[in-house]
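**Q** Next up is a structure, given as structure tokens.
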Amino acid sequence: MRAESVVSCCFQFIFGSSDMNIPFVKMHALGNDFVVMRGKGAPHFDANFIRTISNRYSGIGFDQLLWLEPPHTLGNDIFYRIFNADGGEVEQCGNGARCIARLLAGEQPDYQRIYLMEYGLGVIQATIAPDSMVSLNMGIPSTEPAALPFVTTQPEAPYTVRAAGQDVQFRIVSMGNPHAVLMVDDVSTAAVATLGPALESHECFPNRANIGFMQVVDRSHVVLRVFERGVGETRACGTGACAAAVAARLADSVDHEVTVSLPGGDVQIHWGGPGSELYLKGEAITVFEGQING
């Protein structure tokens, strides 16, 4: 069966499914993978359930669980919540939002349609391009410390903190969720495994943060690895790519159109600069559908 057909049939979830028979869809965007579930209201499972099914050896395996509900506001298409593999709820996920939009679009997407997707902090607008790529209006990025939050006495970016026995310099960006972006000479040798967890849970980030390691190739291309909060290093991070493009542009290292290359593939970012809305474009793929039986 074609992936588009799978999307069409598997999205006919029954609102209010019982604990004994929970339908799900497995999706990914550049290898950043998700389990998508749906219900009438707040999920009735706990963090331990999420940790159990996120296990790649004994469960389904995923970076995040996306929980879909009917829209809370008339005129919108869906309301979504995001839970990391460790069971913690987070604010936003660009790759996850693209997967949700692809599910909403179904087998025959209307390329003129704007999908309005609610989450805890607002509404994301999504469109499906003729090449089947999904484009998101991610809103206006913020670099204000309070938006992450980020605790500092330093007057402006780039900021420096002590982590893993060294002074580390980075820029901060909120895409609805918190990011710190380090500029490195070579992402292949970047200290992601040590600096990632040290900065993720650093005291300067009270709610923890996603940590990006970015190498600028030229004014239209950067390479990125991301250590995601509550997950670890992932194949891709949509909001991380957005944050990297913002950080690079504020450092005057790139122009307003940027390709961000992650281990799982490329996304396209368009950002006109401070005060402008940011647009993210990339793939969203259905892998399989199934049920969890209690």
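Numbering starts fresh at 1 for the residues of each chain in the structure tokens, the chains themselves are lettered A, B, ... in the order given, and ligands are numbered from 1 as they appear.
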Applying 7 Å and only C-alpha atoms, which residues near stretch 247-259 of chain A remain after dropping the ones on its own chain fewer than 3 positions away? List them as a PyMOL selection string.

**A** chain A and resi 171+181+218-222+243-244+266-272

**Q** Pick out the residues sitting within 7 Å of stretch 44-59 of chain A, and hand them over as a list in words; count only C-alpha atoms, and ignore anything fewer than 3 positions along from it in its own chain.

**A**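 After dropping sequence-adjacent residues, the list is Phe62, Ala85, Asp86, Gly87 and Gly88 of chain A.
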
**Q** Could you please take those selected residues and save C-alpha atoms as a PDB file, in the first residue's frame?

**A**
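Result went into out26.pdb, see below:
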```pdb
ATOM      1  CA  PHE A  62      10.295   6.811  19.064  1.00  0.00           C
ATOM      2  CA  ALA A  85      10.682   9.602  25.162  1.00  0.00           C
ATOM      3  CA  ASP A  86      11.427  10.177  28.871  1.00  0.00           C
ATOM      4  CA  GLY A  87       7.728  10.888  29.469  1.00  0.00           C
ATOM      5  CA  GLY A  88       8.057  14.649  29.944  1.00  0.00           C
TER       6      GLY A  88
END
```

**Q** Please, what distance in Å, to one decimal, runs between atom CA of A:Ala126 and atom CA of A:Thr239?

**A**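 Between these atoms lies a distance of 14.5 Å.
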
**Q** Find the residue from A:Met27, A:Ala97, A:Leu182, A:Ala209 that sits nearest to A:Asp167; use only C-alpha atoms when measuring.

**A**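 Ranked by minimum distance to A:Asp167, first place goes to A:Leu182.
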
**Q** Let me make sure I understand: among A:Phe24, A:Tyr279, A:Phe213, A:Tyr119, which one has the smallest atom-to-atom distance to A:Val134 if we use only C-alpha atoms?

**A**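 So, comparing all the options, the nearest one is A:Tyr279.
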
**Q** Which residues in stretch 10-196 of chain A does DSSP call helix (DSSP H, G or I)? List them as a PyMOL selection string.

**A** chain A and resi 10+47-54+94-105+145-147+187-189+192-196

**Q** Identify, on the basis of only C-alpha atoms, every residue whose closest approach to A:Pro109 does not exceed 9 Å; exclude the query and any residue fewer than 5 positions from it along the same chain; express the result as a compact mmCIF listing (two decimals) with C-alpha atoms, in the first residue's frame.

**A**
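File written: out_37.txt
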```
# COMPACT_ATOMS: atom_id res chain seq x y z
CA ARG A 102 0.73 15.38 6.64
CA LEU A 104 -4.41 15.92 8.28
CA ILE A 128 1.43 20.98 1.74
CA ALA A 129 3.60 21.84 -1.26
CA PRO A 130 3.13 20.15 -4.67
CA SER A 132 4.60 16.75 -0.88
```

**Q** For A:Pro71, which residue among A:Asp33, A:Glu277, A:Glu118, A:Glu89 is the nearest when counting only C-alpha atoms?

**A**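 Using only C-alpha atoms, A:Pro71 sits closest to A:Glu118.
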
**Q** What does the structure give for the distance between atom CA of A:Ser201 and atom CA of A:Arg225, in Å to one decimal?

**A**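 Atom CA of A:Arg225 lies 17.5 Å from atom CA of A:Ser201.
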
**Q** If you measure from atom CA of A:Ala180 to atom CA of A:Ala101, what distance in Å do you get, rounded to one decimal?

**A** 26.6 Å

**Q** A:Val287, A:Cys242, A:Ile211, A:Leu199: which is nearest A:Ser142, counting only C-alpha atoms?

**A**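 That would be A:Cys242, the residue with the smallest distance to A:Ser142.
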
**Q** Taking into account only C-alpha atoms, which residue in the set A:Gly232, A:Gly212, A:Pro158, A:Gly165 is nearest to A:Pro197?

**A**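 Closest residue, counting only C-alpha atoms: A:Gly232.
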